[in-house]
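These notes are about the structure you will find just below.
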Number of protein chains: 4
Amino acid sequence: MIVMRTDATPEQIHMVVARVEGSGLHAHLSKGEERTVIGVVGDGRPIQQELFLYVPGVDRILPISRPYKLASREFIPHNSRFLLDGVQVGGEDVVVIAGPCSVENRTQLLEVAHAVREAGGHALRGGAFKPRTSPYSFQGLGEAGLEVLAEARQATGLPIVTEVMSPEQVPLIVRYADVLQIGARNMQNYNLLHAAGASQHPILLKRGMSATVEELLMAAEYILSHGNRRVILCERGIRTFETATRNTTDINSIPVLKSLTHLPVILDPSHSTGNWQFVDAIARAGVAAGADGLMVEVHTHPDQALSDGGQSLKPERFAAMMKQVRAIAEAIGRSMAPSRAGMPLSLQPQIVQPIESGNT
Amino acid sequence: MIVMRTDATPEQIHMVVARVEGSGLHAHLSKGEERTVIGVVGDGRPIQQELFLYVPGVDRILPISRPYKLASREFIPHNSRFLLDGVQVGGEDVVVIAGPCSVENRTQLLEVAHAVREAGGHALRGGAFKPRTSPYSFQGLGEAGLEVLAEARQATGLPIVTEVMSPEQVPLIVRYADVLQIGARNMQNYNLLHAAGASQHPILLKRGMSATVEELLMAAEYILSHGNRRVILCERGIRTFETATRNTTDINSIPVLKSLTHLPVILDPSHSTGNWQFVDAIARAGVAAGADGLMVEVHTHPDQALSDGGQSLKPERFAAMMKQVRAIAEAIGRSMAPSRAGMPLSLQPQIVQPIESGNT
Amino acid sequence: MIVMRTDATPEQIHMVVARVEGSGLHAHLSKGEERTVIGVVGDGRPIQQELFLYVPGVDRILPISRPYKLASREFIPHNSRFLLDGVQVGGEDVVVIAGPCSVENRTQLLEVAHAVREAGGHALRGGAFKPRTSPYSFQGLGEAGLEVLAEARQATGLPIVTEVMSPEQVPLIVRYADVLQIGARNMQNYNLLHAAGASQHPILLKRGMSATVEELLMAAEYILSHGNRRVILCERGIRTFETATRNTTDINSIPVLKSLTHLPVILDPSHSTGNWQFVDAIARAGVAAGADGLMVEVHTHPDQALSDGGQSLKPERFAAMMKQVRAIAEAIGRSMAPSRAGMPLSLQPQIVQPIESGNT
Amino acid sequence: MIVMRTDATPEQIHMVVARVEGSGLHAHLSKGEERTVIGVVGDGRPIQQELFLYVPGVDRILPISRPYKLASREFIPHNSRFLLDGVQVGGEDVVVIAGPCSVENRTQLLEVAHAVREAGGHALRGGAFKPRTSPYSFQGLGEAGLEVLAEARQATGLPIVTEVMSPEQVPLIVRYADVLQIGARNMQNYNLLHAAGASQHPILLKRGMSATVEELLMAAEYILSHGNRRVILCERGIRTFETATRNTTDINSIPVLKSLTHLPVILDPSHSTGNWQFVDAIARAGVAAGADGLMVEVHTHPDQALSDGGQSLKPERFAAMMKQVRAIAEAIGRSMAPSRAGMPLSLQPQIVQPIESGNT
């Protein structure tokens, strides 16, 4: 949609129309009292805006088509859902992923993993490779951390979510993780998105701290374009002028994303507040707003954590949060995914299963 | 707390100390490996930062005291609560204020007022004087609108919340309204805050769209400094880079405010989303996060509304939202304030009562 | 421009068209491969978006007309300029308004006023009524401050710019001030905009800290709608996530505003940085970007200032800044407005003159 | 600096002190009228905040040390400068890097390169690997693009600046480029920062669109920690609520960065405005504010550009901008680096030289 200036001449309008037609598209004029608007009718691909920005008399260009397709609910009307070690993501049940920010050592991780399982958590998170603002901070255990995660998986039956930071790490991480996490700082690391998409592994894609909802969907589009549809979107707070909390939870994004896309949407109340005191309130809010799950930082000794301790819940508080979240889920007609607490490991499904969609 | 540069000389440090002592305050030095920090110990009043900003060797000044006092929970630990026509605000019960953005005419308002009452709403909102971005938009009915509000009050028993836009309007509005609303654009209109505070009338103070939580509390401090403690704070969304919704609901502000202040905190999901499709999800989230109430726009014919129609709920959707919100309130151990639906008017309390606090 | 969903049915499209025609407007259909867009052709007035937001099949509405008219360069192509005590604002010359944040006492103001005049400043600023975030801060001298400003005017010949905070103050302030300043916090105080516009006095309108350029122009439209065309727009920094400076100078707004409006545009580098060390760099940047003038805080004893001392220049630094700004102005083919330094008062023009526009 | 709550008990204060001492640090108490503040005196390394966040009675923690060291001007007081093919970066002269957003083909690049050289540009930019928001947009020519850049280098003598998007691309890109560009979206791609730092190649580091000035310096610290001091910082606009331009140029960051760091600072007015009409005004503003250089998009046929055409200058407009920028540089007592226009290639230095600092 090309909007002409109010003082555009007939010659200028003609020049724009000629350029549209010259590109193999159709021009459609609307002459108002004040100005003329020229619709460009094509085949759905985005037009080259540059073709018109330098033509005299053009005021501005308004894109009409959405810039993503595979991620859109217009393209796939039904919720995408898939099984993660027997737990369905994107369906009626609310799923909770929990664990420490970083894998620090074997004892710490196993303690936390058992606490997560006993409180009813469905998957274990923990970073082996850590993106840190300062080069002087703890950068993660690397592959040794992945091995500890594998041990925790075996001990608890919880599937593993862990972050991948660069394309060349993908083959290593897929050997250990059930879900590859792409962090907020890498949401527009396109080489990484391509590599993660091509792996055909489930992906948890976190929203960049200054990314719009539309940009998040376009980042998902990179992954989906590889035919990989097991993508979970994660709101984790955006950067605003408010400094009372580390980030501002964009709670609006939950119902907005649910209306725009068929992909599952979860909330990370730990990063989106940055303060353990507010995590349970925001976890409740997320589920009340329609989130399909949560990702929460839990630590048995947060005051000794090597990263993000200030936003981690102790196990008792996490267990209390789980009860509150269950009550909220039921209040809106959903339920929590089944707990593995006390379930013998042999009874637990262990295989990531192919996607099902639109046939609940 | 005055932080010196790493290369500050002993003379520069001495000069700062001399200036602190010269102001009748005490200086307290901490010499670290890298730099010296000078604590200024006073009587709790903010120091004059300018005294030190121009002294060579000073790097920056970090304020330690919070800049508000009467509004702080450190000052008054218990929740402030007060009765509004028999409905307690700030207590265990969740309170819902609803109604049209603007009073457009008698028929419209009475229709909406009855719908609000029947769905269980506790107070009626409606603007007679409207702040509008464009001088060419509908600016409200003025005093005629107030008279219609008075009639709706009589017909339904619902107390009235309406906006006051300038100090000289205060005497007029207090004659008609049970609660004076101060809008987001006027949150730092200090003359208005003083006039509203002096009126001793209950005040609903909306957060400015780019105001921090701390600035909201300082605006409340203006009102409280007149001895008027019946102040309701209202989160209504902040301005961020995200354009998918009209504003970004700062859901974090709900638990943050509840931890910092004793005043009741409510959420306006209509302005904070700007889109009727997302209002119920965000209303649920607000109550789940701990809000003491909601303010919601309702209109019987939103497609003909003279303002903000796009974010107004139709009565049926509002009634459905009320049911969902009640379920959420109960899930977190609260309840909805008693509904007036079907209650004879003669049984309803009609008098705004004095504040009670901390003695539930 | 009404954008339909990709899955809109012909009946839904028909319903929208019927509603457009029913409102006395013309509907203009563009059917693309993906979706239909319906242009609404009217008489230039904004349409009632609410009429369409609730119609099934509607995706979103894109406004085409700009929401302001009198302020737009499309409406008045030539720069508006007017004389302020003999100094032309909005013309080729760069104009500098300077003075303390607040009028604190007679000695302070006269000292600063002479320093401003001697350094070549063209007008004197100083607040008698101060909007302060905290009710415990200095709130200004009130009318006594205005009297001191009048004395400084007589002593130096500099016209006076001072802030008006509420509609009822307008009659008082116009008796003393040559230009009424409307502060950032009041940019959308519509009652004040109306009163200021009706006064027919020159107005300096500061951009709100979270107002868009478009909203600034709509606030100006309120004033212009009273036939008062002597309006100066002032960029003073916006609120963003960056905390290294008090505000973020939106330097882009200078050329953007100059392209959208005929009104003069100035920059306030004191508020837009909040730090005296950066004021001269940003003053130079503002003039280099095309600003028609500057408003700068100057204080003879900034370390004793009762407000905003940390962003005030001492007279020597202000004088140095004036030299730098003059060099920048000349580098881009403009000049500084004539200095009054050393000029006998009797030779100075004293009358605010009617606007001239487009006939340099 | 640990700030206790006003109601902290002596026991709580004691517990914090014990924890500080237990970590091998010294605690330094300041007891005010209202509250106690505990200074933690260490050896300059950041303390583990988590140790204290969960201790009852703690209100908040204020860091005093800056989190970066090698990048700070406190550490290296003099400007860092280095030669780039004979052009000094970071010294008195202003340096201009220009070229197309993407390398599209051989003809296009050579045309632009000659135009840049003839207008007095000092280095050629052009992307071979492009980060694009949409997977459906042109993603760059890859290595073929690098070969075209090498040819343009030989034809014009201009050093080459081109973007590297992932760690494994570093060895390839250093073979072709004189300066490795790290884009805004990768500013916190730490694996890439490490790889770029280890290459010992000059780096142009762009500020992330929502990164603070402090975070930019911490990203630079990653590179500097490899002993690589040839780092150029580039302001390219930040994301704010304002949509009138693609980004908001944070012009304040220029003097702020010059005061905090010894590294050269340049401005990219093309990305920071996103609109060719405003590029020259903002280029002038950047140099007026103290930038050491500019990076500008130039294209001979912007209306056919495969990316970012709307913000590219045509050669004539670029040449006019260069004249304006030269005038600004001279107005503030600097000069443009020597032009290569018309200079025989054989006379041009070709070797990237070791860093010199502080000994001009």
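Starting from 1 in every chain, residues are counted up; chains themselves are A, B, ... following the order of the structure tokens, and ligands are numbered from 1 as listed.
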Interface list for chain D, partner chain C, 6 Å threshold, only C-alpha atoms, as a PDB file with N, CA and C atoms, in the first residue's frame:
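Now in part-v1.pdb:
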```pdb
ATOM      1  N   THR D 212      22.579  -1.242  26.607  1.00  0.00           N
ATOM      2  CA  THR D 212      23.010  -0.001  27.229  1.00  0.00           C
ATOM      3  C   THR D 212      24.458   0.278  26.834  1.00  0.00           C
ATOM      4  N   THR D 240      13.199   2.306  20.748  1.00  0.00           N
ATOM      5  CA  THR D 240      12.392   3.017  21.727  1.00  0.00           C
ATOM      6  C   THR D 240      10.942   2.955  21.268  1.00  0.00           C
ATOM      7  N   GLU D 242       9.392   5.374  19.906  1.00  0.00           N
ATOM      8  CA  GLU D 242       9.164   6.279  18.771  1.00  0.00           C
ATOM      9  C   GLU D 242       9.239   5.509  17.465  1.00  0.00           C
ATOM     10  N   ALA D 281      21.633  15.049   8.111  1.00  0.00           N
ATOM     11  CA  ALA D 281      21.452  15.832   9.343  1.00  0.00           C
ATOM     12  C   ALA D 281      22.048  15.092  10.538  1.00  0.00           C
ATOM     13  N   ILE D 282      21.840  13.802  10.597  1.00  0.00           N
ATOM     14  CA  ILE D 282      22.327  13.043  11.758  1.00  0.00           C
ATOM     15  C   ILE D 282      23.827  12.781  11.641  1.00  0.00           C
ATOM     16  N   ARG D 284      25.907  14.986  10.457  1.00  0.00           N
ATOM     17  CA  ARG D 284      26.462  16.263  10.974  1.00  0.00           C
ATOM     18  C   ARG D 284      26.392  16.289  12.495  1.00  0.00           C
ATOM     19  N   ALA D 285      25.244  15.855  13.035  1.00  0.00           N
ATOM     20  CA  ALA D 285      25.073  15.879  14.491  1.00  0.00           C
ATOM     21  C   ALA D 285      26.097  14.983  15.177  1.00  0.00           C
ATOM     22  N   ALA D 288      29.426  16.668  15.189  1.00  0.00           N
ATOM     23  CA  ALA D 288      29.351  17.817  16.101  1.00  0.00           C
ATOM     24  C   ALA D 288      29.398  17.358  17.561  1.00  0.00           C
ATOM     25  N   ALA D 289      28.849  16.183  17.841  1.00  0.00           N
ATOM     26  CA  ALA D 289      28.824  15.683  19.222  1.00  0.00           C
ATOM     27  C   ALA D 289      30.142  15.039  19.628  1.00  0.00           C
ATOM     28  N   ALA D 327      32.852  20.514   7.028  1.00  0.00           N
ATOM     29  CA  ALA D 327      32.675  21.864   7.605  1.00  0.00           C
ATOM     30  C   ALA D 327      32.420  21.764   9.115  1.00  0.00           C
ATOM     31  N   ILE D 328      31.620  20.765   9.516  1.00  0.00           N
ATOM     32  CA  ILE D 328      31.353  20.587  10.948  1.00  0.00           C
ATOM     33  C   ILE D 328      32.643  20.215  11.674  1.00  0.00           C
ATOM     34  N   ALA D 331      34.662  23.149  12.177  1.00  0.00           N
ATOM     35  CA  ALA D 331      34.065  24.093  13.138  1.00  0.00           C
ATOM     36  C   ALA D 331      34.386  23.707  14.585  1.00  0.00           C
TER      37      ALA D 331
END
```
Inset, instruction - Run DSSP on the backbone of this structure and report the residues of range 67-285 of chain B it assigns to strand (DSSP E), as a ChimeraX atom specification. - result: /B:80-84,87-89,93-99,123-125,160-163,179-182,203-206,231-235,265-267
Inset, instruction - For CA of His299 in chain B and CA of Cys101 in chain B, quote the distance in Å rounded to one decimal. - result: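 Atom-to-atom, CA of His299 in chain B to CA of Cys101 in chain B, that is 8.2 Å.
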Inset, instruction - Once DSSP has gone over the backbone, tell me which residues of range 191-329 of chain C are in alpha helix (DSSP H), as a ChimeraX atom specification. - result: /C:191-198,213-224,253-260,269-273,276-288,315-329
Can you spit out the residues from that selection as an mmCIF file, in the first residue's frame, using C-alpha atoms?
```
data_model
loop_
_atom_site.group_PDB
_atom_site.id
_atom_site.type_symbol
_atom_site.label_atom_id
_atom_site.label_comp_id
_atom_site.auth_asym_id
_atom_site.auth_seq_id
_atom_site.Cartn_x
_atom_site.Cartn_y
_atom_site.Cartn_z
ATOM 1 C CA ASN C 191 -7.275 22.137 29.457
ATOM 2 C CA LEU C 192 -3.933 23.912 29.713
ATOM 3 C CA LEU C 193 -3.312 23.661 25.962
ATOM 4 C CA HIS C 194 -6.707 25.234 25.284
ATOM 5 C CA ALA C 195 -6.111 28.050 27.781
ATOM 6 C CA ALA C 196 -2.629 28.724 26.420
ATOM 7 C CA GLY C 197 -3.891 28.710 22.861
ATOM 8 C CA ALA C 198 -6.705 31.112 23.677
ATOM 9 C CA VAL C 213 6.614 13.178 17.421
ATOM 10 C CA GLU C 214 3.065 12.763 16.142
ATOM 11 C CA GLU C 215 1.586 13.340 19.593
ATOM 12 C CA LEU C 216 3.696 16.469 19.997
ATOM 13 C CA LEU C 217 2.231 17.783 16.764
ATOM 14 C CA MET C 218 -1.275 16.921 17.949
ATOM 15 C CA ALA C 219 -0.680 18.833 21.175
ATOM 16 C CA ALA C 220 0.448 21.787 19.053
ATOM 17 C CA GLU C 221 -2.740 21.362 17.050
ATOM 18 C CA TYR C 222 -4.745 22.160 20.213
ATOM 19 C CA ILE C 223 -2.981 25.519 20.452
ATOM 20 C CA LEU C 224 -3.129 26.235 16.730
ATOM 21 C CA SER C 253 13.225 14.298 15.938
ATOM 22 C CA ILE C 254 14.897 17.526 14.783
ATOM 23 C CA PRO C 255 15.016 16.723 11.051
ATOM 24 C CA VAL C 256 11.808 14.669 11.323
ATOM 25 C CA LEU C 257 9.889 17.607 12.819
ATOM 26 C CA LYS C 258 11.400 20.049 10.330
ATOM 27 C CA SER C 259 10.064 17.834 7.530
ATOM 28 C CA LEU C 260 6.586 17.379 9.033
ATOM 29 C CA PRO C 269 20.301 19.809 25.797
ATOM 30 C CA SER C 270 20.144 20.309 29.584
ATOM 31 C CA HIS C 271 17.110 18.122 30.190
ATOM 32 C CA SER C 272 17.857 15.785 27.323
ATOM 33 C CA THR C 273 21.163 14.782 28.926
ATOM 34 C CA TRP C 276 26.337 19.472 32.478
ATOM 35 C CA GLN C 277 29.327 17.595 31.069
ATOM 36 C CA PHE C 278 27.403 16.573 27.960
ATOM 37 C CA VAL C 279 25.369 19.737 27.375
ATOM 38 C CA ASP C 280 27.750 21.473 24.983
ATOM 39 C CA ALA C 281 28.266 18.367 22.809
ATOM 40 C CA ILE C 282 24.517 17.907 22.458
ATOM 41 C CA ALA C 283 23.901 21.627 21.904
ATOM 42 C CA ARG C 284 26.311 21.452 18.959
ATOM 43 C CA ALA C 285 24.612 18.290 17.684
ATOM 44 C CA GLY C 286 21.191 19.925 17.842
ATOM 45 C CA VAL C 287 22.196 22.905 15.733
ATOM 46 C CA ALA C 288 24.118 20.654 13.341
ATOM 47 C CA PRO C 315 28.588 31.165 32.833
ATOM 48 C CA GLU C 316 32.084 30.537 31.449
ATOM 49 C CA ARG C 317 31.137 27.144 30.088
ATOM 50 C CA PHE C 318 27.935 28.609 28.654
ATOM 51 C CA ALA C 319 29.960 31.333 26.931
ATOM 52 C CA ALA C 320 32.286 28.691 25.482
ATOM 53 C CA MET C 321 29.269 26.694 24.316
ATOM 54 C CA MET C 322 27.867 29.788 22.571
ATOM 55 C CA LYS C 323 31.104 30.133 20.580
ATOM 56 C CA GLN C 324 30.989 26.487 19.550
ATOM 57 C CA VAL C 325 27.359 26.720 18.568
ATOM 58 C CA ARG C 326 28.024 29.824 16.505
ATOM 59 C CA ALA C 327 30.775 27.958 14.631
ATOM 60 C CA ILE C 328 28.413 25.068 13.948
ATOM 61 C CA ALA C 329 25.652 27.408 12.791
#
```
Legend entry - Nearby residues (only C-alpha atoms) at most 10 Å from Thr36 in chain A, same-chain spacing under 6 positions excluded, as an NGL selection string: (:A and (2-8 or 10 or 13 or 29-30 or 58)) or (:C and (41 or 64))
Can I get the selected residues back with N, CA, C and O atoms, as a CSV table (one decimal), in the first residue's frame?
```csv
chain,number,residue,atom,x,y,z
A,2,ILE,N,0.9,2.0,-1.1
A,2,ILE,CA,1.8,3.1,-1.2
A,2,ILE,C,0.9,4.4,-1.0
A,2,ILE,O,0.0,4.7,-1.8
A,3,VAL,N,1.3,5.2,0.0
A,3,VAL,CA,0.5,6.4,0.3
A,3,VAL,C,1.2,7.6,-0.3
A,3,VAL,O,2.4,7.8,0.0
A,4,MET,N,0.5,8.3,-1.1
A,4,MET,CA,1.2,9.5,-1.8
A,4,MET,C,1.0,10.7,-0.9
A,4,MET,O,0.1,10.8,0.0
A,5,ARG,N,1.8,11.7,-1.1
A,5,ARG,CA,1.7,13.0,-0.4
A,5,ARG,C,0.4,13.7,-0.8
A,5,ARG,O,-0.1,13.5,-1.9
A,6,THR,N,-0.1,14.6,0.0
A,6,THR,CA,-1.3,15.3,-0.4
A,6,THR,C,-1.0,16.2,-1.6
A,6,THR,O,-1.9,16.5,-2.4
A,7,ASP,N,0.3,16.6,-1.8
A,7,ASP,CA,0.6,17.5,-2.9
A,7,ASP,C,1.2,16.7,-4.1
A,7,ASP,O,1.9,17.4,-4.9
A,8,ALA,N,1.0,15.4,-4.1
A,8,ALA,CA,1.6,14.6,-5.2
A,8,ALA,C,0.9,15.0,-6.5
A,8,ALA,O,-0.3,15.2,-6.6
A,10,PRO,N,-0.2,14.5,-10.6
A,10,PRO,CA,-0.7,13.3,-11.4
A,10,PRO,C,0.5,12.6,-12.1
A,10,PRO,O,0.5,11.4,-12.2
A,13,ILE,N,2.1,10.3,-9.5
A,13,ILE,CA,1.2,9.1,-9.3
A,13,ILE,C,1.4,8.1,-10.5
A,13,ILE,O,1.6,6.9,-10.3
A,29,LEU,N,-5.7,2.1,-7.7
A,29,LEU,CA,-5.7,3.4,-7.1
A,29,LEU,C,-7.0,3.7,-6.3
A,29,LEU,O,-8.1,3.3,-6.7
A,30,SER,N,-6.8,4.3,-5.1
A,30,SER,CA,-7.9,4.9,-4.4
A,30,SER,C,-7.6,6.4,-4.3
A,30,SER,O,-6.7,6.8,-3.6
A,58,VAL,N,6.0,10.2,-3.1
A,58,VAL,CA,5.6,9.1,-2.2
A,58,VAL,C,5.8,9.6,-0.7
A,58,VAL,O,6.8,10.1,-0.4
C,41,VAL,N,-13.0,6.1,1.6
C,41,VAL,CA,-12.7,7.4,1.0
C,41,VAL,C,-13.7,8.4,1.6
C,41,VAL,O,-14.9,8.2,1.4
C,64,ILE,N,-4.7,6.4,7.2
C,64,ILE,CA,-3.9,6.9,6.1
C,64,ILE,C,-3.7,8.4,6.3
C,64,ILE,O,-2.6,8.9,6.2
```
Legend entry - Between CA of Glu34 in chain D and CA of His78 in chain B, distance in Å (one decimal):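 Taking CA of Glu34 in chain D and CA of His78 in chain B, their separation equals 19.6 Å.
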Legend entry - Met15 in chain D surroundings by only C-alpha atoms, 12 Å radius, close-in-sequence under 5 positions cut, as an MDAnalysis selection string: chainID D and resid 4 8:10 20:22 27 38 51:52 54:58
Dump of C-alpha atoms for the selected residues, as a tab-separated table (two decimals), in the first residue's frame:
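And here is the file that came out, out-v5.tsv:
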```
chain	number	residue	atom	x	y	z
D	4	MET	CA	19.45	-2.78	54.67
D	8	ALA	CA	16.35	-4.54	59.78
D	9	THR	CA	17.28	-5.90	63.20
D	10	PRO	CA	20.81	-5.81	64.68
D	20	VAL	CA	30.95	-10.56	54.10
D	21	GLU	CA	33.83	-11.40	56.43
D	22	GLY	CA	33.33	-15.10	55.72
D	27	ALA	CA	32.48	-4.97	55.83
D	38	ILE	CA	27.15	-1.98	54.57
D	51	LEU	CA	25.23	-14.30	48.83
D	52	PHE	CA	23.18	-11.47	50.29
D	54	TYR	CA	18.29	-13.99	50.48
D	55	VAL	CA	19.43	-12.71	53.86
D	56	PRO	CA	16.46	-11.27	55.78
D	57	GLY	CA	16.64	-7.51	56.28
D	58	VAL	CA	18.50	-6.80	53.02
```
Inset, instruction - Compare C:Leu158, C:Glu118, C:Pro100, C:Gly293 by their minimum atom-to-atom distance to Gln311 in chain C, counting only C-alpha atoms, and give me the closest one. - result: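 That would be C:Pro100, the residue with the smallest distance to Gln311 in chain C.
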Legend entry - Using only C-alpha atoms: which of A:Asn79, A:Asn228, A:Ser102, A:Gln181 has the shortest distance to Ser137 in chain A: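 Closest residue, counting only C-alpha atoms: A:Ser102.
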Inset, instruction - Might you pull out every residue within 7 Å of Arg207 in chain D, with only C-alpha atoms counted and same-chain residues fewer than 3 positions away left off, and present them as a list of chain:residue names? - result: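 So the residues in contact are D:Ala184, D:Met187, D:Ala211, D:Leu216, D:Cys234, D:Glu235, D:Arg236.
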Grab the residues selected above and save them as an mmCIF file, in the first residue's frame with N, CA and C atoms.
```
data_model
loop_
_atom_site.group_PDB
_atom_site.id
_atom_site.type_symbol
_atom_site.label_atom_id
_atom_site.label_comp_id
_atom_site.auth_asym_id
_atom_site.auth_seq_id
_atom_site.Cartn_x
_atom_site.Cartn_y
_atom_site.Cartn_z
ATOM 1 N N ALA D 184 24.780 -5.491 15.240
ATOM 2 C CA ALA D 184 24.002 -5.183 16.439
ATOM 3 C C ALA D 184 23.357 -6.432 17.028
ATOM 4 N N MET D 187 25.852 -8.441 19.167
ATOM 5 C CA MET D 187 26.703 -7.766 20.148
ATOM 6 C C MET D 187 26.906 -8.607 21.398
ATOM 7 N N ALA D 211 20.890 -2.517 23.761
ATOM 8 C CA ALA D 211 22.011 -2.615 24.701
ATOM 9 C C ALA D 211 22.289 -1.251 25.321
ATOM 10 N N LEU D 216 27.561 -2.353 25.989
ATOM 11 C CA LEU D 216 28.440 -2.235 24.818
ATOM 12 C C LEU D 216 29.895 -2.318 25.269
ATOM 13 N N CYS D 234 30.510 1.439 17.627
ATOM 14 C CA CYS D 234 29.617 2.105 16.683
ATOM 15 C C CYS D 234 28.191 2.231 17.225
ATOM 16 N N GLU D 235 27.776 3.480 17.454
ATOM 17 C CA GLU D 235 26.376 3.754 17.785
ATOM 18 C C GLU D 235 25.560 3.628 16.517
ATOM 19 N N ARG D 236 24.434 2.890 16.592
ATOM 20 C CA ARG D 236 23.610 2.696 15.384
ATOM 21 C C ARG D 236 22.126 2.811 15.684
#
```
Legend entry - All residues 12 Å or closer to Ala152 in chain C, only C-alpha atoms, same chain fewer than 5 positions away omitted, as an MDAnalysis selection string: chainID C and resid 99 103 105:117 123:126 145:147 157:161 176:177
